[in-house]
Amino acid sequence: MNKTVRLLLCLLGLPMAVHGATHANDFPTLDRVLYVQECIAAHPDAGHFEMASKCSCAVDALAREIKYSEYVDLSTAAKATTIGGERGGYIRDSEKLQADIKRYKALQAKADKGCFIGPPTAR
């Protein structure tokens with residue numbers, strides 16, 4: 001990459017492109033939208049516009065922390081804990097999946113705190 005292009009990228013605020021580093025921020029738009037919608041739904045008493053901004057911030061924070069493929073694995077395990085019966089028992093009994101769920105919840109809590117999102121509203 002020539003010096004002029006590097007300077008231009010740096011001036012535009014794209015320092016990772018200057019260094020050729022790849023970033024974990026590879027979440028598809030659809031998954032970002034679904035995350036924001038679920039986050040907004042978990043906080044029905046807050047203003048919709050306020051929560052859209054805060055929840056967008058949270059998914060961006062998650063995308064900075066982990067790659068999309070890891071997000072899929074962690075979030076799927078976390079959501080699957082609500083499966084009842086024998087099928088859900090596999091997830092609840094797996095130490096590895098429980099560790100993944102704990103990590104995902106910790107990442108979410110960190111993102112929520114950084115984006116000023118309070119606990120979900122009880123329904």
# chains A, B, ... in the order shown; residues from 1 in each chain; ligands from 1
call {"tool": "residues_around", "arguments": {"residues": "region 96-99 of chain A", "least_positions_apart": "6", "cutoff": "9 Å", "atoms": "only C-alpha atoms", "output": "ChimeraX atom specification"}}
result
/A:74,77-78
call {"tool": "write_last_selection", "arguments": {"atoms": "C-alpha atoms", "output": "PDB file, in the first residue's frame"}}
result
ATOM      1  CA  LEU A  74     -22.243 -18.514  22.551  1.00  0.00           C
ATOM      2  CA  ALA A  77     -26.041 -21.969  23.827  1.00  0.00           C
ATOM      3  CA  ALA A  78     -27.452 -19.167  25.994  1.00  0.00           C
TER       4      ALA A  78
END
call {"tool": "closest_residue", "arguments": {"among": "A:Ala46, A:Arg64, A:Ser56, A:Thr81", "to": "Leu34 (chain A)", "atoms": "only C-alpha atoms"}}
result
A:Ser56
call {"tool": "residues_around", "arguments": {"residues": "Asp100 (chain A)", "least_positions_apart": "3", "cutoff": "12 Å", "atoms": "only C-alpha atoms", "output": "PyMOL selection string"}}
result
chain A and resi 70-81+91-92+94-97+103-107
call {"tool": "residues_around", "arguments": {"residues": "Ala63 (chain A)", "least_positions_apart": "3", "cutoff": "12 Å", "atoms": "only C-alpha atoms", "output": "ChimeraX atom specification"}}
result
/A:23-29,31-32,35,56-60,66-72,107-108,111
call {"tool": "closest_residue", "arguments": {"among": "A:Gln37, A:His43, A:Arg87, A:Ala52", "to": "Pro120 (chain A)", "atoms": "only C-alpha atoms"}}
result
A:His43
call {"tool": "atom_distance", "arguments": {"atom1": "CA of Asp45 (chain A)", "atom2": "CA of Phe116 (chain A)"}}
result
14.9 Å
call {"tool": "select_by_dssp", "arguments": {"residues": "region 77-115 of chain A", "states": "helix (DSSP H, G or I)", "output": "PyMOL selection string"}}
result
chain A and resi 77-80+85-93+95-114
call {"tool": "atom_distance", "arguments": {"atom1": "CA of Ile101 (chain A)", "atom2": "CA of Gly118 (chain A)"}}
result
19.7 Å
call {"tool": "atom_distance", "arguments": {"atom1": "CA of Gly85 (chain A)", "atom2": "CA of Pro119 (chain A)"}}
result
27.8 Å
